[in-house]
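work_1.cif (mmCIF, C-alpha atoms; chains and numbers go by the auth columns) appears below.
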data_model
loop_
_atom_site.group_PDB
_atom_site.id
_atom_site.type_symbol
_atom_site.label_atom_id
_atom_site.label_comp_id
_atom_site.label_asym_id
_atom_site.label_seq_id
_atom_site.Cartn_x
_atom_site.Cartn_y
_atom_site.Cartn_z
_atom_site.B_iso_or_equiv
_atom_site.auth_seq_id
_atom_site.auth_asym_id
ATOM 1 C CA MET A 1 12.962 92.957 -53.665 0.00 1 A
ATOM 2 C CA THR A 2 12.688 91.243 -57.021 0.00 2 A
ATOM 3 C CA ILE A 3 10.635 88.064 -57.260 0.00 3 A
ATOM 4 C CA THR A 4 12.457 85.556 -59.379 0.00 4 A
ATOM 5 C CA ARG A 5 11.175 82.387 -60.922 0.00 5 A
ATOM 6 C CA ARG A 6 13.260 80.427 -58.413 0.00 6 A
ATOM 7 C CA SER A 7 11.763 82.226 -55.380 0.00 7 A
ATOM 8 C CA MET A 8 8.231 81.682 -56.753 0.00 8 A
ATOM 9 C CA MET A 9 8.943 77.944 -57.125 0.00 9 A
ATOM 10 C CA MET A 10 10.297 77.785 -53.567 0.00 10 A
ATOM 11 C CA LEU A 11 7.189 79.536 -52.194 0.00 11 A
ATOM 12 C CA ALA A 12 4.862 77.244 -54.157 0.00 12 A
ATOM 13 C CA THR A 13 6.727 74.143 -52.942 0.00 13 A
ATOM 14 C CA ALA A 14 6.630 75.318 -49.317 0.00 14 A
ATOM 15 C CA GLY A 15 2.895 76.048 -49.557 0.00 15 A
ATOM 16 C CA ALA A 16 2.161 72.632 -51.031 0.00 16 A
ATOM 17 C CA ALA A 17 4.250 70.907 -48.360 0.00 17 A
ATOM 18 C CA ALA A 18 2.409 72.773 -45.605 0.00 18 A
ATOM 19 C CA THR A 19 -0.960 71.555 -46.858 0.00 19 A
ATOM 20 C CA LEU A 20 0.250 67.953 -46.919 0.00 20 A
ATOM 21 C CA MET A 21 1.765 67.970 -43.423 0.00 21 A
ATOM 22 C CA PRO A 22 -0.099 65.993 -40.739 0.00 22 A
ATOM 23 C CA ARG A 23 -2.084 67.965 -38.197 0.00 23 A
ATOM 24 C CA ALA A 24 -0.379 68.872 -34.966 0.00 24 A
ATOM 25 C CA ALA A 25 -0.917 66.548 -32.028 0.00 25 A
ATOM 26 C CA GLY A 26 -4.088 67.429 -30.190 0.00 26 A
ATOM 27 C CA ALA A 27 -5.697 69.115 -33.192 0.00 27 A
ATOM 28 C CA GLN A 28 -9.257 68.048 -33.856 0.00 28 A
ATOM 29 C CA THR A 29 -9.699 65.752 -36.782 0.00 29 A
ATOM 30 C CA SER A 30 -12.410 66.213 -39.325 0.00 30 A
ATOM 31 C CA GLY A 31 -15.160 63.691 -39.657 0.00 31 A
ATOM 32 C CA PRO A 32 -18.297 62.686 -37.861 0.00 32 A
ATOM 33 C CA GLN A 33 -18.753 63.617 -34.242 0.00 33 A
ATOM 34 C CA MET A 34 -19.320 60.865 -31.709 0.00 34 A
ATOM 35 C CA ASP A 35 -21.923 61.596 -29.028 0.00 35 A
ATOM 36 C CA VAL A 36 -21.503 59.550 -25.846 0.00 36 A
ATOM 37 C CA ALA A 37 -24.147 59.165 -23.154 0.00 37 A
ATOM 38 C CA ARG A 38 -22.720 57.956 -19.845 0.00 38 A
ATOM 39 C CA SER A 39 -23.255 57.960 -16.119 0.00 39 A
ATOM 40 C CA ALA A 40 -21.443 60.509 -13.967 0.00 40 A
ATOM 41 C CA THR A 41 -20.148 57.796 -11.640 0.00 41 A
ATOM 42 C CA CYS A 42 -18.623 55.423 -14.207 0.00 42 A
ATOM 43 C CA GLY A 43 -14.834 55.640 -14.429 0.00 43 A
ATOM 44 C CA CYS A 44 -14.461 53.085 -17.205 0.00 44 A
ATOM 45 C CA CYS A 45 -16.716 55.200 -19.459 0.00 45 A
ATOM 46 C CA GLY A 46 -14.241 58.055 -19.171 0.00 46 A
ATOM 47 C CA ALA A 47 -11.377 55.684 -19.956 0.00 47 A
ATOM 48 C CA TRP A 48 -13.189 54.451 -23.088 0.00 48 A
ATOM 49 C CA VAL A 49 -13.832 58.053 -24.191 0.00 49 A
ATOM 50 C CA ALA A 50 -10.094 58.734 -23.768 0.00 50 A
ATOM 51 C CA HIS A 51 -9.392 55.648 -25.931 0.00 51 A
ATOM 52 C CA VAL A 52 -11.565 56.831 -28.831 0.00 52 A
ATOM 53 C CA ARG A 53 -10.287 60.404 -28.539 0.00 53 A
ATOM 54 C CA SER A 54 -6.696 59.174 -28.696 0.00 54 A
ATOM 55 C CA ALA A 55 -7.678 57.314 -31.881 0.00 55 A
ATOM 56 C CA GLY A 56 -8.688 60.650 -33.426 0.00 56 A
ATOM 57 C CA PHE A 57 -12.442 60.712 -32.890 0.00 57 A
ATOM 58 C CA VAL A 58 -14.142 63.985 -31.954 0.00 58 A
ATOM 59 C CA VAL A 59 -16.282 63.202 -28.901 0.00 59 A
ATOM 60 C CA ARG A 60 -19.050 65.069 -27.115 0.00 60 A
ATOM 61 C CA GLU A 61 -20.027 63.576 -23.757 0.00 61 A
ATOM 62 C CA THR A 62 -23.421 63.855 -22.099 0.00 62 A
ATOM 63 C CA VAL A 63 -23.891 62.720 -18.512 0.00 63 A
ATOM 64 C CA ARG A 64 -27.305 61.084 -18.085 0.00 64 A
ATOM 65 C CA GLU A 65 -28.967 59.041 -15.427 0.00 65 A
ATOM 66 C CA ASP A 66 -31.637 57.604 -17.764 0.00 66 A
ATOM 67 C CA LEU A 67 -29.327 55.433 -19.861 0.00 67 A
ATOM 68 C CA ASP A 68 -31.920 52.637 -20.059 0.00 68 A
ATOM 69 C CA VAL A 69 -34.212 55.046 -21.908 0.00 69 A
ATOM 70 C CA VAL A 70 -31.389 56.075 -24.274 0.00 70 A
ATOM 71 C CA LYS A 71 -30.540 52.447 -25.066 0.00 71 A
ATOM 72 C CA ALA A 72 -34.206 51.552 -25.679 0.00 72 A
ATOM 73 C CA GLU A 73 -34.726 54.563 -27.968 0.00 73 A
ATOM 74 C CA LEU A 74 -31.647 53.600 -29.998 0.00 74 A
ATOM 75 C CA GLY A 75 -32.601 49.923 -30.317 0.00 75 A
ATOM 76 C CA VAL A 76 -29.859 48.330 -28.216 0.00 76 A
ATOM 77 C CA PRO A 77 -30.967 44.809 -27.192 0.00 77 A
ATOM 78 C CA SER A 78 -30.934 44.290 -23.427 0.00 78 A
ATOM 79 C CA ASP A 79 -28.452 41.379 -23.605 0.00 79 A
ATOM 80 C CA LEU A 80 -25.920 43.540 -25.505 0.00 80 A
ATOM 81 C CA GLN A 81 -26.046 46.519 -23.146 0.00 81 A
ATOM 82 C CA SER A 82 -23.060 47.930 -21.316 0.00 82 A
ATOM 83 C CA CYS A 83 -22.338 51.058 -19.291 0.00 83 A
ATOM 84 C CA HIS A 84 -22.266 53.745 -22.016 0.00 84 A
ATOM 85 C CA THR A 85 -23.874 54.319 -25.399 0.00 85 A
ATOM 86 C CA ALA A 86 -22.557 56.365 -28.299 0.00 86 A
ATOM 87 C CA THR A 87 -23.818 57.407 -31.698 0.00 87 A
ATOM 88 C CA ILE A 88 -21.703 58.275 -34.706 0.00 88 A
ATOM 89 C CA ASP A 89 -22.702 58.912 -38.303 0.00 89 A
ATOM 90 C CA GLY A 90 -26.020 57.055 -37.974 0.00 90 A
ATOM 91 C CA PHE A 91 -24.662 54.084 -36.001 0.00 91 A
ATOM 92 C CA VAL A 92 -24.956 53.116 -32.330 0.00 92 A
ATOM 93 C CA ILE A 93 -21.828 52.057 -30.433 0.00 93 A
ATOM 94 C CA GLU A 94 -22.665 50.221 -27.208 0.00 94 A
ATOM 95 C CA GLY A 95 -20.026 49.577 -24.586 0.00 95 A
ATOM 96 C CA HIS A 96 -16.294 49.040 -24.850 0.00 96 A
ATOM 97 C CA VAL A 97 -15.956 48.726 -28.637 0.00 97 A
ATOM 98 C CA PRO A 98 -12.359 49.217 -29.840 0.00 98 A
ATOM 99 C CA ALA A 99 -11.774 52.323 -31.978 0.00 99 A
ATOM 100 C CA ALA A 100 -10.401 50.171 -34.822 0.00 100 A
ATOM 101 C CA GLU A 101 -13.760 48.395 -35.121 0.00 101 A
ATOM 102 C CA ILE A 102 -15.635 51.714 -35.176 0.00 102 A
ATOM 103 C CA ARG A 103 -13.407 52.852 -38.043 0.00 103 A
ATOM 104 C CA ARG A 104 -14.063 49.588 -39.886 0.00 104 A
ATOM 105 C CA LEU A 105 -17.829 49.986 -39.351 0.00 105 A
ATOM 106 C CA LEU A 106 -17.727 53.510 -40.773 0.00 106 A
ATOM 107 C CA ALA A 107 -15.700 52.331 -43.771 0.00 107 A
ATOM 108 C CA LYS A 108 -17.899 49.293 -44.556 0.00 108 A
ATOM 109 C CA ARG A 109 -21.250 50.936 -43.711 0.00 109 A
ATOM 110 C CA PRO A 110 -23.234 47.691 -43.356 0.00 110 A
ATOM 111 C CA VAL A 111 -27.011 47.776 -42.969 0.00 111 A
ATOM 112 C CA ALA A 112 -27.158 47.638 -39.164 0.00 112 A
ATOM 113 C CA ILE A 113 -28.011 49.595 -36.075 0.00 113 A
ATOM 114 C CA GLY A 114 -24.479 49.385 -34.736 0.00 114 A
ATOM 115 C CA LEU A 115 -21.809 47.575 -32.756 0.00 115 A
ATOM 116 C CA ALA A 116 -21.832 46.332 -29.179 0.00 116 A
ATOM 117 C CA VAL A 117 -19.514 44.768 -26.637 0.00 117 A
ATOM 118 C CA ALA A 118 -21.851 43.328 -24.032 0.00 118 A
ATOM 119 C CA GLY A 119 -21.024 43.858 -20.381 0.00 119 A
ATOM 120 C CA MET A 120 -17.635 45.105 -19.301 0.00 120 A
ATOM 121 C CA PRO A 121 -14.966 42.543 -20.299 0.00 121 A
ATOM 122 C CA ALA A 122 -11.548 42.970 -18.708 0.00 122 A
ATOM 123 C CA GLY A 123 -8.963 43.998 -21.266 0.00 123 A
ATOM 124 C CA SER A 124 -11.401 45.807 -23.551 0.00 124 A
ATOM 125 C CA PRO A 125 -10.732 49.534 -24.146 0.00 125 A
ATOM 126 C CA GLY A 126 -11.473 51.379 -20.911 0.00 126 A
ATOM 127 C CA MET A 127 -11.463 48.144 -18.912 0.00 127 A
ATOM 128 C CA GLU A 128 -7.736 47.481 -18.889 0.00 128 A
ATOM 129 C CA VAL A 129 -6.813 45.542 -15.758 0.00 129 A
ATOM 130 C CA ALA A 130 -3.248 44.409 -15.099 0.00 130 A
ATOM 131 C CA GLY A 131 -2.991 40.652 -15.564 0.00 131 A
ATOM 132 C CA LEU A 132 -6.613 40.200 -16.687 0.00 132 A
ATOM 133 C CA LYS A 133 -7.869 39.866 -20.241 0.00 133 A
ATOM 134 C CA ASP A 134 -11.236 38.308 -21.054 0.00 134 A
ATOM 135 C CA ALA A 135 -12.093 37.011 -24.499 0.00 135 A
ATOM 136 C CA TYR A 136 -14.951 39.041 -25.970 0.00 136 A
ATOM 137 C CA GLU A 137 -16.844 39.667 -29.177 0.00 137 A
ATOM 138 C CA VAL A 138 -17.789 42.846 -30.973 0.00 138 A
ATOM 139 C CA VAL A 139 -21.308 42.199 -32.249 0.00 139 A
ATOM 140 C CA LEU A 140 -22.878 43.869 -35.278 0.00 140 A
ATOM 141 C CA PHE A 141 -26.609 44.131 -34.568 0.00 141 A
ATOM 142 C CA GLY A 142 -29.638 45.342 -36.433 0.00 142 A
ATOM 143 C CA ASN A 143 -33.142 44.543 -37.585 0.00 143 A
ATOM 144 C CA ALA A 144 -31.885 41.638 -39.699 0.00 144 A
ATOM 145 C CA GLY A 145 -30.175 39.965 -36.731 0.00 145 A
ATOM 146 C CA ARG A 146 -26.640 39.775 -35.365 0.00 146 A
ATOM 147 C CA GLU A 147 -23.214 38.642 -36.393 0.00 147 A
ATOM 148 C CA VAL A 148 -19.765 38.641 -34.851 0.00 148 A
ATOM 149 C CA PHE A 149 -17.883 41.618 -36.281 0.00 149 A
ATOM 150 C CA ALA A 150 -14.618 40.906 -34.419 0.00 150 A
ATOM 151 C CA ARG A 151 -13.217 38.672 -31.680 0.00 151 A
ATOM 152 C CA TYR A 152 -10.689 39.708 -29.068 0.00 152 A
#

Reformat the file's structure so that it appears as structure tokens.
Amino acid sequence: MTITRRSMMMLATAGAAATLMPRAAGAQTSGPQMDVARSATCGCCGAWVAHVRSAGFVVRETVREDLDVVKAELGVPSDLQSCHTATIDGFVIEGHVPAAEIRRLLAKRPVAIGLAVAGMPAGSPGMEVAGLKDAYEVVLFGNAGREVFARY
């Protein structure tokens, strides 16, 4: 078989196209890993983990019964606490924070401890309830104070 200039160009084009193609569905994405600490008995925690995984985050779950200790060690204020706590790339994610806000946090990289959605508002990721949707805030918190990062 003789390799012609045309066949070399076709091979080069095919190779370049293959490197630019999106990853197959279900393939792990690159980027920081999210570690989630949650209770074994909490169903909404699992639903939130499914939400962030479907948004492309790589998640490692740890089932713990001492979540109060985890939250205290990570600096989550008691009035912002929820049912699960995550860490990603140096930030804390407390509760049912939408994946879009986590992406925005990672892009902006503000000086903060992290984001929180206090409690378990209906309609937040993992807390979807037919016919119910509470208004809620995603709060950016840190040593310098707090501010509303997003409203839903």

(Q) When the PyMOL selection byres ((chain A and resi 58-72) around 12) is applied to the structure above, which residues does it catch, written out as a PyMOL selection string? (A) chain A and resi 26-42+45-46+48-57+73-89+92-95+99+113-114+116

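Across the chains present, the PyMOL selection byres ((chain A and resi 138) around 7) applied to this file returns Val97, Leu115, Ala116, Val117, Tyr136, Glu137, Val139, Leu140, Val148, Phe149, Ala150 and Arg151 of chain A.
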
Q. Any idea what the distance is between CA of Ala135 in chain A and CA of Tyr152 in chain A?
A.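 Straight-line distance from CA of Ala135 in chain A to CA of Tyr152 in chain A works out to 5.5 Å.
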
Q: Mind giving me the straight-line distance from CA of Gly145 in chain A to CA of Ala122 in chain A in Å, one decimal?
A: 26.1 Å

Q: Rank A:Ala100, A:Leu105, A:Cys44, A:Ala144 by their smallest atom-to-atom distance to Met120 in chain A, using all atoms listed in the file, and report the top residue only.
A: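 The closest residue to Met120 in chain A is A:Cys44.
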
(Q) Please report the interatomic distance between CA of Glu147 in chain A and CA of Met127 in chain A in Å with one decimal. (A) 23.1 Å

Where atoms are missing, can you supply N, CA, C and O atoms for range 80-101 of chain A and output the lot as an mmCIF file, in the frame of the given file?
data_model
loop_
_atom_site.group_PDB
_atom_site.id
_atom_site.type_symbol
_atom_site.label_atom_id
_atom_site.label_comp_id
_atom_site.auth_asym_id
_atom_site.auth_seq_id
_atom_site.Cartn_x
_atom_site.Cartn_y
_atom_site.Cartn_z
ATOM 1 N N LEU A 80 -27.154 42.957 -24.965
ATOM 2 C CA LEU A 80 -25.920 43.540 -25.505
ATOM 3 C C LEU A 80 -25.527 44.831 -24.790
ATOM 4 O O LEU A 80 -24.521 45.451 -25.135
ATOM 5 N N GLN A 81 -26.288 45.239 -23.792
ATOM 6 C CA GLN A 81 -26.046 46.519 -23.146
ATOM 7 C C GLN A 81 -24.801 46.511 -22.270
ATOM 8 O O GLN A 81 -24.377 45.484 -21.763
ATOM 9 N N SER A 82 -24.242 47.699 -22.133
ATOM 10 C CA SER A 82 -23.060 47.930 -21.316
ATOM 11 C C SER A 82 -23.288 49.220 -20.539
ATOM 12 O O SER A 82 -24.435 49.627 -20.326
ATOM 13 N N CYS A 83 -22.218 49.896 -20.177
ATOM 14 C CA CYS A 83 -22.338 51.058 -19.291
ATOM 15 C C CYS A 83 -22.438 52.401 -20.007
ATOM 16 O O CYS A 83 -22.794 53.384 -19.386
ATOM 17 N N HIS A 84 -22.139 52.482 -21.289
ATOM 18 C CA HIS A 84 -22.266 53.745 -22.016
ATOM 19 C C HIS A 84 -22.727 53.456 -23.444
ATOM 20 O O HIS A 84 -22.542 52.356 -23.955
ATOM 21 N N THR A 85 -23.331 54.453 -24.051
ATOM 22 C CA THR A 85 -23.874 54.319 -25.399
ATOM 23 C C THR A 85 -23.462 55.530 -26.211
ATOM 24 O O THR A 85 -23.575 56.661 -25.743
ATOM 25 N N ALA A 86 -22.984 55.273 -27.423
ATOM 26 C CA ALA A 86 -22.557 56.365 -28.299
ATOM 27 C C ALA A 86 -23.280 56.266 -29.632
ATOM 28 O O ALA A 86 -23.768 55.202 -30.018
ATOM 29 N N THR A 87 -23.338 57.390 -30.319
ATOM 30 C CA THR A 87 -23.818 57.407 -31.698
ATOM 31 C C THR A 87 -22.780 58.133 -32.544
ATOM 32 O O THR A 87 -22.135 59.076 -32.078
ATOM 33 N N ILE A 88 -22.622 57.642 -33.775
ATOM 34 C CA ILE A 88 -21.703 58.275 -34.706
ATOM 35 C C ILE A 88 -22.161 57.975 -36.128
ATOM 36 O O ILE A 88 -22.377 56.814 -36.484
ATOM 37 N N ASP A 89 -22.383 59.010 -36.879
ATOM 38 C CA ASP A 89 -22.702 58.912 -38.303
ATOM 39 C C ASP A 89 -23.826 57.908 -38.593
ATOM 40 O O ASP A 89 -23.736 57.112 -39.528
ATOM 41 N N GLY A 90 -24.870 57.920 -37.759
ATOM 42 C CA GLY A 90 -26.020 57.055 -37.974
ATOM 43 C C GLY A 90 -25.926 55.685 -37.341
ATOM 44 O O GLY A 90 -26.853 54.879 -37.468
ATOM 45 N N PHE A 91 -24.834 55.375 -36.663
ATOM 46 C CA PHE A 91 -24.662 54.084 -36.001
ATOM 47 C C PHE A 91 -24.643 54.251 -34.486
ATOM 48 O O PHE A 91 -24.240 55.289 -33.962
ATOM 49 N N VAL A 92 -25.023 53.180 -33.784
ATOM 50 C CA VAL A 92 -24.956 53.116 -32.330
ATOM 51 C C VAL A 92 -23.713 52.305 -31.961
ATOM 52 O O VAL A 92 -23.442 51.266 -32.565
ATOM 53 N N ILE A 93 -22.984 52.776 -30.968
ATOM 54 C CA ILE A 93 -21.828 52.057 -30.433
ATOM 55 C C ILE A 93 -22.123 51.814 -28.959
ATOM 56 O O ILE A 93 -22.202 52.765 -28.171
ATOM 57 N N GLU A 94 -22.300 50.569 -28.579
ATOM 58 C CA GLU A 94 -22.665 50.221 -27.208
ATOM 59 C C GLU A 94 -21.490 49.564 -26.500
ATOM 60 O O GLU A 94 -20.973 48.540 -26.948
ATOM 61 N N GLY A 95 -21.054 50.177 -25.415
ATOM 62 C CA GLY A 95 -20.026 49.577 -24.586
ATOM 63 C C GLY A 95 -18.607 49.792 -25.088
ATOM 64 O O GLY A 95 -18.314 50.729 -25.825
ATOM 65 N N HIS A 96 -17.739 48.891 -24.692
ATOM 66 C CA HIS A 96 -16.294 49.040 -24.850
ATOM 67 C C HIS A 96 -15.784 48.545 -26.207
ATOM 68 O O HIS A 96 -14.876 47.717 -26.297
ATOM 69 N N VAL A 97 -16.349 49.089 -27.277
ATOM 70 C CA VAL A 97 -15.956 48.726 -28.637
ATOM 71 C C VAL A 97 -14.620 49.393 -28.969
ATOM 72 O O VAL A 97 -14.468 50.599 -28.791
ATOM 73 N N PRO A 98 -13.639 48.623 -29.452
ATOM 74 C CA PRO A 98 -12.359 49.217 -29.840
ATOM 75 C C PRO A 98 -12.517 50.216 -30.991
ATOM 76 O O PRO A 98 -13.329 50.018 -31.904
ATOM 77 N N ALA A 99 -11.729 51.273 -30.955
ATOM 78 C CA ALA A 99 -11.774 52.323 -31.978
ATOM 79 C C ALA A 99 -11.544 51.758 -33.382
ATOM 80 O O ALA A 99 -12.162 52.215 -34.347
ATOM 81 N N ALA A 100 -10.679 50.762 -33.507
ATOM 82 C CA ALA A 100 -10.401 50.171 -34.822
ATOM 83 C C ALA A 100 -11.660 49.569 -35.431
ATOM 84 O O ALA A 100 -11.872 49.640 -36.653
ATOM 85 N N GLU A 101 -12.529 48.996 -34.608
ATOM 86 C CA GLU A 101 -13.760 48.395 -35.121
ATOM 87 C C GLU A 101 -14.775 49.471 -35.513
ATOM 88 O O GLU A 101 -15.547 49.287 -36.451
#
